[in-house]
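**Q** mmCIF, C-alpha atoms, file run.cif:
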data_query
loop_
_atom_site.group_PDB
_atom_site.id
_atom_site.type_symbol
_atom_site.label_atom_id
_atom_site.label_comp_id
_atom_site.auth_asym_id
_atom_site.auth_seq_id
_atom_site.Cartn_x
_atom_site.Cartn_y
_atom_site.Cartn_z
ATOM 1 C CA MET A 1 -18.556 -25.739 -44.454
ATOM 2 C CA THR A 2 -16.115 -25.189 -41.685
ATOM 3 C CA THR A 3 -16.142 -26.926 -38.390
ATOM 4 C CA PRO A 4 -16.059 -24.754 -35.310
ATOM 5 C CA SER A 5 -13.298 -25.939 -33.081
ATOM 6 C CA GLY A 6 -14.579 -27.921 -30.179
ATOM 7 C CA ILE A 7 -12.392 -26.610 -27.441
ATOM 8 C CA PRO A 8 -13.545 -22.979 -27.223
ATOM 9 C CA ALA A 9 -17.109 -24.137 -27.683
ATOM 10 C CA ALA A 10 -16.821 -26.567 -24.836
ATOM 11 C CA SER A 11 -15.188 -24.135 -22.467
ATOM 12 C CA GLY A 12 -17.694 -21.454 -23.370
ATOM 13 C CA ALA A 13 -20.517 -23.802 -22.570
ATOM 14 C CA ALA A 14 -18.910 -24.720 -19.303
ATOM 15 C CA ASP A 15 -18.632 -21.094 -18.273
ATOM 16 C CA SER A 16 -22.187 -20.254 -19.163
ATOM 17 C CA ASN A 17 -23.386 -23.254 -17.194
ATOM 18 C CA ARG A 18 -21.857 -22.352 -13.932
ATOM 19 C CA PRO A 19 -24.511 -20.006 -12.514
ATOM 20 C CA GLN A 20 -27.212 -22.267 -13.882
ATOM 21 C CA THR A 21 -25.892 -25.241 -11.968
ATOM 22 C CA VAL A 22 -25.572 -23.328 -8.741
ATOM 23 C CA ARG A 23 -29.117 -22.130 -8.994
ATOM 24 C CA ASN A 24 -30.434 -25.573 -9.771
ATOM 25 C CA GLU A 25 -28.621 -27.161 -6.898
ATOM 26 C CA ALA A 26 -30.109 -24.558 -4.634
ATOM 27 C CA THR A 27 -33.636 -25.115 -5.864
ATOM 28 C CA ALA A 28 -33.446 -28.887 -6.001
ATOM 29 C CA PRO A 29 -32.633 -29.988 -2.460
ATOM 30 C CA THR A 30 -33.981 -33.480 -3.073
ATOM 31 C CA ARG A 31 -31.057 -34.313 -5.313
ATOM 32 C CA SER A 32 -28.089 -35.913 -3.672
ATOM 33 C CA PRO A 33 -25.272 -33.442 -3.214
ATOM 34 C CA ALA A 34 -22.782 -36.092 -4.338
ATOM 35 C CA THR A 35 -19.853 -35.255 -6.563
ATOM 36 C CA ALA A 36 -21.367 -35.381 -9.994
ATOM 37 C CA ALA A 37 -24.995 -34.773 -9.111
ATOM 38 C CA GLY A 38 -26.813 -31.702 -10.276
ATOM 39 C CA ARG A 39 -25.562 -31.693 -13.853
ATOM 40 C CA GLY A 40 -26.292 -33.494 -17.039
ATOM 41 C CA SER A 41 -28.523 -36.480 -17.210
ATOM 42 C CA ASP A 42 -28.254 -39.207 -14.623
ATOM 43 C CA LEU A 43 -28.706 -42.895 -15.102
ATOM 44 C CA GLU A 44 -28.624 -44.639 -11.773
ATOM 45 C CA THR A 45 -27.562 -48.275 -11.758
ATOM 46 C CA SER A 46 -26.685 -50.642 -8.958
ATOM 47 C CA GLN A 47 -23.003 -50.249 -9.775
ATOM 48 C CA GLY A 48 -22.996 -46.485 -9.945
ATOM 49 C CA ARG A 49 -24.331 -43.449 -11.659
ATOM 50 C CA THR A 50 -23.845 -42.436 -15.268
ATOM 51 C CA THR A 51 -23.908 -38.729 -15.956
ATOM 52 C CA ILE A 52 -24.086 -37.179 -19.393
ATOM 53 C CA ALA A 53 -22.908 -33.576 -19.530
ATOM 54 C CA GLU A 54 -24.910 -31.000 -21.492
ATOM 55 C CA THR A 55 -21.931 -30.489 -23.779
ATOM 56 C CA VAL A 56 -22.406 -34.038 -24.994
ATOM 57 C CA VAL A 57 -26.067 -33.494 -25.866
ATOM 58 C CA SER A 58 -25.148 -30.216 -27.522
ATOM 59 C CA LYS A 59 -22.479 -31.836 -29.686
ATOM 60 C CA ILE A 60 -24.779 -34.655 -30.727
ATOM 61 C CA ALA A 61 -27.377 -32.086 -31.781
ATOM 62 C CA GLY A 62 -24.717 -30.163 -33.688
ATOM 63 C CA MET A 63 -23.431 -33.223 -35.502
ATOM 64 C CA ALA A 64 -26.929 -34.419 -36.362
ATOM 65 C CA THR A 65 -27.741 -30.997 -37.807
ATOM 66 C CA ARG A 66 -24.549 -30.839 -39.870
ATOM 67 C CA GLU A 67 -25.238 -34.261 -41.323
ATOM 68 C CA ILE A 68 -28.261 -32.930 -43.181
ATOM 69 C CA ASP A 69 -27.444 -31.809 -46.693
ATOM 70 C CA GLY A 70 -28.384 -28.186 -47.205
ATOM 71 C CA VAL A 71 -27.218 -26.934 -43.831
ATOM 72 C CA ALA A 72 -24.425 -24.454 -44.491
ATOM 73 C CA GLY A 73 -23.437 -23.884 -40.887
ATOM 74 C CA PHE A 74 -24.443 -22.440 -37.587
ATOM 75 C CA GLY A 75 -25.148 -18.824 -36.876
ATOM 76 C CA GLY A 76 -25.605 -16.630 -33.891
ATOM 77 C CA GLY A 77 -23.247 -16.267 -31.017
ATOM 78 C CA ALA A 78 -23.551 -18.156 -27.794
ATOM 79 C CA ALA A 79 -25.164 -15.194 -26.069
ATOM 80 C CA ARG A 80 -27.862 -14.956 -28.692
ATOM 81 C CA ALA A 81 -28.721 -18.632 -28.560
ATOM 82 C CA MET A 82 -28.629 -18.515 -24.804
ATOM 83 C CA GLY A 83 -31.296 -15.845 -24.778
ATOM 84 C CA ALA A 84 -33.566 -18.198 -26.661
ATOM 85 C CA VAL A 85 -33.352 -20.839 -23.988
ATOM 86 C CA ARG A 86 -36.461 -20.839 -21.917
ATOM 87 C CA GLU A 87 -37.396 -22.851 -18.897
ATOM 88 C CA ARG A 88 -39.091 -25.736 -20.613
ATOM 89 C CA ILE A 89 -37.892 -28.584 -18.494
ATOM 90 C CA PRO A 90 -38.117 -28.174 -14.723
ATOM 91 C CA GLY A 91 -34.742 -28.431 -13.070
ATOM 92 C CA ALA A 92 -32.930 -28.525 -16.384
ATOM 93 C CA ARG A 93 -29.518 -27.151 -17.049
ATOM 94 C CA ALA A 94 -28.904 -25.213 -20.182
ATOM 95 C CA SER A 95 -25.889 -25.130 -22.394
ATOM 96 C CA SER A 96 -25.201 -23.200 -25.509
ATOM 97 C CA SER A 97 -22.438 -23.044 -28.036
ATOM 98 C CA GLN A 98 -22.059 -22.099 -31.691
ATOM 99 C CA GLY A 99 -25.717 -21.931 -32.596
ATOM 100 C CA VAL A 100 -26.752 -24.979 -30.607
ATOM 101 C CA ALA A 101 -28.510 -24.425 -27.301
ATOM 102 C CA VAL A 102 -29.685 -27.352 -25.228
ATOM 103 C CA GLU A 103 -31.581 -27.799 -22.047
ATOM 104 C CA VAL A 104 -31.081 -31.115 -20.348
ATOM 105 C CA GLY A 105 -33.196 -32.486 -17.533
ATOM 106 C CA GLU A 106 -33.317 -35.842 -15.811
ATOM 107 C CA ARG A 107 -35.037 -37.585 -18.685
ATOM 108 C CA GLN A 108 -35.745 -34.961 -21.282
ATOM 109 C CA ALA A 109 -33.896 -32.565 -23.499
ATOM 110 C CA ALA A 110 -34.879 -29.562 -25.594
ATOM 111 C CA VAL A 111 -32.807 -28.140 -28.400
ATOM 112 C CA ASP A 112 -32.648 -24.734 -30.096
ATOM 113 C CA LEU A 113 -30.710 -24.522 -33.321
ATOM 114 C CA THR A 114 -29.637 -21.341 -35.052
ATOM 115 C CA ILE A 115 -28.536 -22.221 -38.539
ATOM 116 C CA VAL A 116 -27.507 -20.874 -41.911
ATOM 117 C CA VAL A 117 -28.880 -22.741 -44.917
ATOM 118 C CA GLU A 118 -27.692 -23.053 -48.480
ATOM 119 C CA TYR A 119 -29.489 -20.964 -51.059
ATOM 120 C CA GLY A 120 -32.103 -22.977 -52.902
ATOM 121 C CA VAL A 121 -33.189 -25.434 -50.222
ATOM 122 C CA ALA A 122 -36.771 -25.896 -49.142
ATOM 123 C CA ILE A 123 -36.386 -24.550 -45.642
ATOM 124 C CA VAL A 124 -39.473 -26.155 -44.147
ATOM 125 C CA GLU A 125 -38.435 -29.558 -45.474
ATOM 126 C CA LEU A 126 -34.892 -29.016 -44.299
ATOM 127 C CA ALA A 127 -36.065 -28.084 -40.810
ATOM 128 C CA ARG A 128 -38.192 -31.204 -40.705
ATOM 129 C CA ALA A 129 -35.235 -33.371 -41.679
ATOM 130 C CA ILE A 130 -33.008 -31.706 -39.099
ATOM 131 C CA ARG A 131 -35.592 -32.208 -36.410
ATOM 132 C CA ARG A 132 -35.973 -35.870 -37.281
ATOM 133 C CA ASN A 133 -32.232 -36.479 -37.281
ATOM 134 C CA VAL A 134 -31.554 -34.549 -34.085
ATOM 135 C CA ILE A 135 -34.320 -36.350 -32.218
ATOM 136 C CA ALA A 136 -33.207 -39.768 -33.455
ATOM 137 C CA SER A 137 -29.541 -39.134 -32.632
ATOM 138 C CA ILE A 138 -30.100 -37.769 -29.132
ATOM 139 C CA GLU A 139 -32.633 -40.412 -28.209
ATOM 140 C CA GLN A 140 -30.482 -43.229 -29.528
ATOM 141 C CA MET A 141 -27.197 -42.030 -28.085
ATOM 142 C CA THR A 142 -28.270 -40.683 -24.718
ATOM 143 C CA GLY A 143 -31.660 -42.228 -24.024
ATOM 144 C CA LEU A 144 -33.092 -38.782 -23.302
ATOM 145 C CA GLU A 145 -36.515 -37.933 -24.640
ATOM 146 C CA VAL A 146 -36.373 -34.884 -26.891
ATOM 147 C CA VAL A 147 -39.356 -32.664 -26.181
ATOM 148 C CA GLU A 148 -38.664 -30.019 -28.787
ATOM 149 C CA VAL A 149 -36.263 -28.961 -31.478
ATOM 150 C CA ASN A 150 -36.613 -25.361 -32.566
ATOM 151 C CA VAL A 151 -34.881 -24.461 -35.768
ATOM 152 C CA SER A 152 -34.167 -20.844 -36.445
ATOM 153 C CA VAL A 153 -32.774 -19.983 -39.855
ATOM 154 C CA VAL A 154 -30.827 -16.737 -39.578
ATOM 155 C CA ASP A 155 -29.093 -16.541 -42.922
ATOM 156 C CA LEU A 156 -28.768 -17.933 -46.425
ATOM 157 C CA GLN A 157 -25.489 -18.952 -47.892
ATOM 158 C CA LEU A 158 -25.462 -17.594 -51.414
ATOM 159 C CA PRO A 159 -23.482 -19.315 -54.153
ATOM 160 C CA GLY A 160 -19.964 -17.929 -54.072
ATOM 161 C CA GLU A 161 -19.861 -17.341 -50.348
ATOM 162 C CA ASP A 162 -17.421 -19.876 -49.104
ATOM 163 C CA THR A 163 -18.492 -20.130 -45.499
ATOM 164 C CA GLY A 164 -21.808 -20.103 -43.784
ATOM 165 C CA GLU A 165 -20.457 -19.629 -40.322
ATOM 166 C CA VAL A 166 -21.589 -16.310 -38.958
ATOM 167 C CA GLN A 167 -18.771 -15.639 -36.607
ATOM 168 C CA PRO A 168 -16.128 -12.964 -36.656
ATOM 169 C CA ARG A 169 -12.816 -14.486 -37.530
ATOM 170 C CA GLN A 170 -10.278 -12.890 -35.274
ATOM 171 C CA PRO A 171 -6.615 -13.485 -35.745
ATOM 172 C CA GLY A 172 -4.849 -14.636 -32.626
ATOM 173 C CA ARG A 173 -3.342 -11.745 -30.754
ATOM 174 C CA VAL A 174 -0.706 -13.793 -29.023
ATOM 175 C CA GLU A 175 1.459 -16.518 -30.378
ATOM 176 C CA MET B 1 -8.560 -25.028 23.219
ATOM 177 C CA THR B 2 -9.726 -28.538 22.519
ATOM 178 C CA VAL B 3 -10.116 -30.001 19.087
ATOM 179 C CA ASP B 4 -13.495 -31.417 18.216
ATOM 180 C CA PRO B 5 -12.881 -35.066 17.335
ATOM 181 C CA ALA B 6 -15.358 -34.726 14.475
ATOM 182 C CA TYR B 7 -12.767 -32.676 12.619
ATOM 183 C CA LEU B 8 -10.298 -35.517 12.809
ATOM 184 C CA VAL B 9 -12.610 -37.977 11.076
ATOM 185 C CA THR B 10 -11.518 -38.562 7.521
ATOM 186 C CA PRO B 11 -13.913 -36.744 5.211
ATOM 187 C CA ALA B 12 -15.711 -38.900 2.687
ATOM 188 C CA ALA B 13 -13.852 -37.244 -0.155
ATOM 189 C CA ALA B 14 -10.429 -38.063 1.216
ATOM 190 C CA PRO B 15 -8.275 -40.427 -0.774
ATOM 191 C CA ILE B 16 -7.694 -43.808 0.741
ATOM 192 C CA GLY B 17 -4.095 -43.302 1.673
ATOM 193 C CA ARG B 18 -1.296 -45.003 -0.217
ATOM 194 C CA GLU B 19 -3.747 -47.546 -1.641
ATOM 195 C CA ILE B 20 -4.574 -45.018 -4.303
ATOM 196 C CA ASP B 21 -1.087 -45.176 -5.792
ATOM 197 C CA ARG B 22 -1.606 -48.773 -6.704
ATOM 198 C CA TRP B 23 -5.226 -48.482 -7.805
ATOM 199 C CA VAL B 24 -5.227 -45.511 -10.047
ATOM 200 C CA ASP B 25 -2.798 -46.491 -12.812
ATOM 201 C CA PRO B 26 -4.463 -49.788 -13.751
ATOM 202 C CA ILE B 27 -7.830 -47.992 -13.751
ATOM 203 C CA VAL B 28 -6.520 -45.299 -16.086
ATOM 204 C CA ALA B 29 -5.111 -47.941 -18.422
ATOM 205 C CA ALA B 30 -8.366 -49.917 -18.402
ATOM 206 C CA VAL B 31 -10.476 -46.838 -19.146
ATOM 207 C CA LEU B 32 -8.228 -45.674 -21.971
ATOM 208 C CA ALA B 33 -8.344 -49.170 -23.467
ATOM 209 C CA CYS B 34 -12.131 -48.907 -23.919
ATOM 210 C CA PRO B 35 -12.831 -48.439 -27.646
ATOM 211 C CA LEU B 36 -15.661 -45.966 -27.028
ATOM 212 C CA VAL B 37 -13.515 -43.732 -24.833
ATOM 213 C CA ALA B 38 -11.511 -41.005 -26.542
ATOM 214 C CA GLY B 39 -9.803 -39.798 -23.399
ATOM 215 C CA LEU B 40 -10.089 -38.687 -19.805
ATOM 216 C CA HIS B 41 -11.508 -35.309 -18.828
ATOM 217 C CA GLY B 42 -10.668 -33.206 -15.801
ATOM 218 C CA GLY B 43 -14.300 -32.430 -15.083
ATOM 219 C CA ARG B 44 -16.124 -29.204 -15.727
ATOM 220 C CA ASP B 45 -14.766 -27.584 -12.616
ATOM 221 C CA GLY B 46 -11.521 -29.517 -12.642
ATOM 222 C CA GLU B 47 -12.792 -31.696 -9.823
ATOM 223 C CA ALA B 48 -11.845 -35.028 -11.371
ATOM 224 C CA VAL B 49 -8.250 -35.174 -10.292
ATOM 225 C CA THR B 50 -6.247 -37.615 -8.252
ATOM 226 C CA TYR B 51 -3.184 -36.114 -6.603
ATOM 227 C CA LEU B 52 -0.276 -38.424 -6.142
ATOM 228 C CA PRO B 53 3.240 -37.883 -4.923
ATOM 229 C CA GLY B 54 5.004 -36.034 -7.707
ATOM 230 C CA ARG B 55 2.178 -36.158 -10.227
ATOM 231 C CA ARG B 56 -1.522 -35.803 -10.740
ATOM 232 C CA ILE B 57 -3.951 -37.861 -12.740
ATOM 233 C CA THR B 58 -6.753 -36.097 -14.527
ATOM 234 C CA GLY B 59 -10.118 -37.742 -15.048
ATOM 235 C CA ILE B 60 -10.231 -40.166 -12.137
ATOM 236 C CA ARG B 61 -11.153 -39.451 -8.563
ATOM 237 C CA ILE B 62 -11.180 -42.188 -5.957
ATOM 238 C CA THR B 63 -12.877 -41.788 -2.607
ATOM 239 C CA VAL B 64 -13.518 -44.316 0.144
ATOM 240 C CA ASP B 65 -16.645 -45.700 -1.476
ATOM 241 C CA GLU B 66 -16.577 -44.708 -5.109
ATOM 242 C CA VAL B 67 -14.437 -44.101 -8.111
ATOM 243 C CA ALA B 68 -15.583 -41.308 -10.400
ATOM 244 C CA ILE B 69 -14.406 -41.578 -13.976
ATOM 245 C CA HIS B 70 -14.757 -38.541 -16.229
ATOM 246 C CA VAL B 71 -14.352 -39.277 -19.898
ATOM 247 C CA VAL B 72 -14.652 -37.916 -23.379
ATOM 248 C CA ALA B 73 -16.651 -40.370 -25.470
ATOM 249 C CA ARG B 74 -16.186 -41.016 -29.149
ATOM 250 C CA TYR B 75 -18.901 -39.839 -31.516
ATOM 251 C CA PRO B 76 -21.135 -41.685 -32.357
ATOM 252 C CA ALA B 77 -21.334 -43.812 -29.248
ATOM 253 C CA VAL B 78 -24.377 -44.766 -27.254
ATOM 254 C CA MET B 79 -23.729 -43.261 -23.825
ATOM 255 C CA ASP B 80 -25.154 -46.235 -22.016
ATOM 256 C CA GLN B 81 -22.695 -48.499 -23.810
ATOM 257 C CA VAL B 82 -19.800 -46.195 -23.015
ATOM 258 C CA ALA B 83 -20.689 -46.396 -19.332
ATOM 259 C CA SER B 84 -21.165 -50.151 -19.280
ATOM 260 C CA GLN B 85 -17.933 -50.685 -21.185
ATOM 261 C CA ILE B 86 -16.078 -48.617 -18.599
ATOM 262 C CA ARG B 87 -17.803 -50.385 -15.702
ATOM 263 C CA ARG B 88 -16.916 -53.801 -17.082
ATOM 264 C CA ALA B 89 -13.281 -52.788 -17.503
ATOM 265 C CA VAL B 90 -12.905 -51.070 -14.143
ATOM 266 C CA ALA B 91 -14.994 -53.325 -11.883
ATOM 267 C CA PRO B 92 -12.279 -55.968 -11.350
ATOM 268 C CA LEU B 93 -9.730 -53.220 -10.543
ATOM 269 C CA ALA B 94 -11.866 -51.403 -7.978
ATOM 270 C CA PRO B 95 -13.547 -54.086 -5.894
ATOM 271 C CA GLY B 96 -16.149 -52.763 -3.489
ATOM 272 C CA LEU B 97 -16.238 -49.291 -4.984
ATOM 273 C CA ARG B 98 -19.208 -47.782 -6.773
ATOM 274 C CA ILE B 99 -18.227 -46.722 -10.276
ATOM 275 C CA ASP B 100 -19.591 -43.360 -11.342
ATOM 276 C CA VAL B 101 -19.166 -42.531 -14.991
ATOM 277 C CA VAL B 102 -19.443 -38.949 -16.167
ATOM 278 C CA ILE B 103 -19.430 -38.370 -19.896
ATOM 279 C CA GLU B 104 -18.151 -34.830 -20.060
ATOM 280 C CA ASP B 105 -17.647 -34.368 -23.736
ATOM 281 C CA LEU B 106 -17.763 -35.973 -27.149
ATOM 282 C CA ALA B 107 -14.835 -36.276 -29.488
ATOM 283 C CA VAL B 108 -16.320 -35.512 -32.886
ATOM 284 C CA PRO B 109 -14.598 -36.292 -36.173
ATOM 285 C CA GLU B 110 -13.185 -33.174 -37.845
#
Starting from the file, give its structure as structure tokens.

**A**
Amino acid sequence: MTTPSGIPAASGAADSNRPQTVRNEATAPTRSPATAAGRGSDLETSQGRTTIAETVVSKIAGMATREIDGVAGFGGGAARAMGAVRERIPGARASSSQGVAVEVGERQAAVDLTIVVEYGVAIVELARAIRRNVIASIEQMTGLEVVEVNVSVVDLQLPGEDTGEVQPRQPGRVE
Amino acid sequence: MTVDPAYLVTPAAAPIGREIDRWVDPIVAAVLACPLVAGLHGGRDGEAVTYLPGRRITGIRITVDEVAIHVVARYPAVMDQVASQIRRAVAPLAPGLRIDVVIEDLAVPE
């Protein structure tokens, strides 16, 4: 199992979020137009606001999925996962990277996972375990309520295939 | 042509003069000393920057009434604890300012 590098994933998510944020700020005039408002999840306290970016929720979901034995990796490009994101939480912002798409609202989050599993696992059981772990991790670490976790299995990793990551490996063109 | 005095009023986002030079370094040190913080983050749009003479500091932005701190948290950390840890560390260094914490990213183990 290889680990997708975090930096391109994070920047990709940031780019795909931009129009989303603009639209949400336009449609949610009740929110304060302060510096960090209009993104992530907010936790207002007397001493200030705490904002959790969607990238954070997305990485927690990714880690929680990986932790489950039987998951070979993530599949599907960002664009594909992005297409699966629907408007489930009003005013939510969506983020997607490496097979993990999240939608984060004020108090709730929804997750779409596109995964590759190892050959021989009971997929329904595996999906149930993933769902349990993702929900527990996100709720414990961010305090957001997870409304749904959709698991989409796009491939099987057969014995002998060394990587389950469905992503073209391109050599760097510049040094 | 006369200048509207409203334009001369310091905008809310303006740094508080030379004060900032003295405030920002101890805040950076305090934030980086938090065990749950992996590092500072420039913000998704690069907005979390403090410009100083000859250098810039990424991840902290001080305005007249608040200090915004953009961080990368360490996995697995409870976000609420990350924020309260930062607030506890920074509060004595930024008296009178609201402390906004933005968790921009997670540093995950390889």

**Q** Hey, which of B:Ala94, B:Leu32, B:Ala77, B:Val82 ends up closest to chain A? Count all atoms listed in the file.

**A**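 Of B:Ala94, B:Leu32, B:Ala77, B:Val82, the one nearest chain A is B:Ala77, counting all atoms listed in the file.
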
**Q** Counting only C-alpha atoms, collect the residues of chain A whose closest atom lies at most 8 Å from chain B, and write them out as an mmCIF file with C-alpha atoms, keeping the file's coordinate frame.

**A**
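Generated file (iface26.cif):
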data_model
loop_
_atom_site.group_PDB
_atom_site.id
_atom_site.type_symbol
_atom_site.label_atom_id
_atom_site.label_comp_id
_atom_site.auth_asym_id
_atom_site.auth_seq_id
_atom_site.Cartn_x
_atom_site.Cartn_y
_atom_site.Cartn_z
ATOM 1 C CA THR A 3 -16.142 -26.926 -38.390
ATOM 2 C CA ALA A 10 -16.821 -26.567 -24.836
ATOM 3 C CA ALA A 14 -18.910 -24.720 -19.303
ATOM 4 C CA ALA A 36 -21.367 -35.381 -9.994
ATOM 5 C CA GLN A 47 -23.003 -50.249 -9.775
ATOM 6 C CA GLY A 48 -22.996 -46.485 -9.945
ATOM 7 C CA ARG A 49 -24.331 -43.449 -11.659
ATOM 8 C CA THR A 50 -23.845 -42.436 -15.268
ATOM 9 C CA THR A 51 -23.908 -38.729 -15.956
ATOM 10 C CA ILE A 52 -24.086 -37.179 -19.393
ATOM 11 C CA ALA A 53 -22.908 -33.576 -19.530
ATOM 12 C CA GLU A 54 -24.910 -31.000 -21.492
ATOM 13 C CA THR A 55 -21.931 -30.489 -23.779
ATOM 14 C CA VAL A 56 -22.406 -34.038 -24.994
ATOM 15 C CA LYS A 59 -22.479 -31.836 -29.686
ATOM 16 C CA ILE A 60 -24.779 -34.655 -30.727
ATOM 17 C CA MET A 63 -23.431 -33.223 -35.502
ATOM 18 C CA GLN A 140 -30.482 -43.229 -29.528
ATOM 19 C CA MET A 141 -27.197 -42.030 -28.085
ATOM 20 C CA THR A 142 -28.270 -40.683 -24.718
ATOM 21 C CA GLY A 143 -31.660 -42.228 -24.024
#

**Q** Which one of B:Val24, B:Leu93, B:Leu40, B:Ala29 sits closest to B:Arg55 if you count all atoms listed in the file?

**A**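 Closest to B:Arg55 of all the choices is B:Val24.
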
**Q** Give the answer as one residue: which of A:Val149, A:Val71, A:Ala101, A:Val134 has the shortest atom-to-atom distance to A:Ala122, using all atoms listed in the file?

**A**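 Nearest candidate to A:Ala122 out of A:Val149, A:Val71, A:Ala101, A:Val134: A:Val71.
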
**Q** In Å to one decimal, how far is atom CA of A:Ser58 from atom CA of A:Leu144?

**A** 12.4 Å

**Q** Could you pull the residues within 9 Å of B:Pro35, counting all atoms listed in the file, minus those fewer than 4 positions along the same chain, as a list in words?

**A** Val31, Arg74, Val82 and Gln85 of chain B

**Q** Where does the PyMOL selection byres ((chain B and resi 49) around 7) land in this file, that is, which residues does it pick, as a ChimeraX atom specification?

**A** /B:42,46-48,50-51,56-61

**Q** Work out how far apart atom CA of A:Leu126 and atom CA of A:Val102 are and give it in Å to one decimal.

**A**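 Here the two named atoms are 19.8 Å from each other.
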
**Q** Can you list, as an NGL selection string, the residues that the PyMOL selection byres ((chain A and resi 66) around 12) selects here?

**A** (:A and (1-4 or 59-65 or 67-74 or 99-100 or 113-117 or 126-127 or 129-131 or 133-134 or 164-165)) or (:B and (108-110))

**Q** Work out how far apart atom CA of B:Val28 and atom CA of A:Glu139 are and give it in Å to one decimal.

**A**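 Computing it gives 29.2 Å between the two atoms.
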
**Q** Enclose all atoms of stretch 43-50 of chain B listed in the file in an axis-aligned box, grow every side by 5 Å, and hand back centre and edge lengths in Å to one decimal, as JSON.

**A**
{"center_x": -11.2, "center_y": -32.6, "center_z": -12.0, "size_x": 19.9, "size_y": 20.0, "size_z": 17.5}

**Q** If the PyMOL selection byres ((chain A and resi 110) around 6) were run on this exact file, what residues would it hold? Put them as a list in words.

**A**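 Applied to this file, the PyMOL selection byres ((chain A and resi 110) around 6) returns Val102, Glu103, Ala109, Val111, Val146, Val147 and Glu148 of chain A.
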
**Q** Would you mind writing stretch 43-55 of chain B with N, CA and C atoms, as a PDB file, in the coordinates of the input?

**A**
ATOM      1  N   GLY B  43     -13.069 -32.865 -15.725  1.00  0.00           N
ATOM      2  CA  GLY B  43     -14.300 -32.430 -15.083  1.00  0.00           C
ATOM      3  C   GLY B  43     -14.535 -30.963 -15.366  1.00  0.00           C
ATOM      4  N   ARG B  44     -15.801 -30.565 -15.325  1.00  0.00           N
ATOM      5  CA  ARG B  44     -16.124 -29.204 -15.727  1.00  0.00           C
ATOM      6  C   ARG B  44     -15.481 -28.175 -14.804  1.00  0.00           C
ATOM      7  N   ASP B  45     -15.386 -28.515 -13.554  1.00  0.00           N
ATOM      8  CA  ASP B  45     -14.766 -27.584 -12.616  1.00  0.00           C
ATOM      9  C   ASP B  45     -13.393 -28.073 -12.199  1.00  0.00           C
ATOM     10  N   GLY B  46     -12.843 -28.989 -12.962  1.00  0.00           N
ATOM     11  CA  GLY B  46     -11.521 -29.517 -12.642  1.00  0.00           C
ATOM     12  C   GLY B  46     -11.520 -30.369 -11.399  1.00  0.00           C
ATOM     13  N   GLU B  47     -12.690 -30.956 -11.078  1.00  0.00           N
ATOM     14  CA  GLU B  47     -12.792 -31.696  -9.823  1.00  0.00           C
ATOM     15  C   GLU B  47     -12.320 -33.143  -9.951  1.00  0.00           C
ATOM     16  N   ALA B  48     -12.184 -33.619 -11.192  1.00  0.00           N
ATOM     17  CA  ALA B  48     -11.845 -35.028 -11.371  1.00  0.00           C
ATOM     18  C   ALA B  48     -10.334 -35.206 -11.453  1.00  0.00           C
ATOM     19  N   VAL B  49      -9.703 -35.072 -10.323  1.00  0.00           N
ATOM     20  CA  VAL B  49      -8.250 -35.174 -10.292  1.00  0.00           C
ATOM     21  C   VAL B  49      -7.834 -36.039  -9.112  1.00  0.00           C
ATOM     22  N   THR B  50      -6.837 -36.867  -9.346  1.00  0.00           N
ATOM     23  CA  THR B  50      -6.247 -37.615  -8.252  1.00  0.00           C
ATOM     24  C   THR B  50      -4.821 -37.090  -8.070  1.00  0.00           C
ATOM     25  N   TYR B  51      -4.520 -36.640  -6.874  1.00  0.00           N
ATOM     26  CA  TYR B  51      -3.184 -36.114  -6.603  1.00  0.00           C
ATOM     27  C   TYR B  51      -2.323 -37.213  -6.016  1.00  0.00           C
ATOM     28  N   LEU B  52      -1.199 -37.395  -6.602  1.00  0.00           N
ATOM     29  CA  LEU B  52      -0.276 -38.424  -6.142  1.00  0.00           C
ATOM     30  C   LEU B  52       1.067 -37.763  -5.872  1.00  0.00           C
ATOM     31  N   PRO B  53       1.922 -38.466  -5.147  1.00  0.00           N
ATOM     32  CA  PRO B  53       3.240 -37.883  -4.923  1.00  0.00           C
ATOM     33  C   PRO B  53       3.946 -37.607  -6.250  1.00  0.00           C
ATOM     34  N   GLY B  54       4.237 -36.375  -6.520  1.00  0.00           N
ATOM     35  CA  GLY B  54       5.004 -36.034  -7.707  1.00  0.00           C
ATOM     36  C   GLY B  54       4.224 -35.922  -9.003  1.00  0.00           C
ATOM     37  N   ARG B  55       2.945 -36.263  -8.981  1.00  0.00           N
ATOM     38  CA  ARG B  55       2.178 -36.158 -10.227  1.00  0.00           C
ATOM     39  C   ARG B  55       0.689 -36.093  -9.901  1.00  0.00           C
TER      40      ARG B  55
END
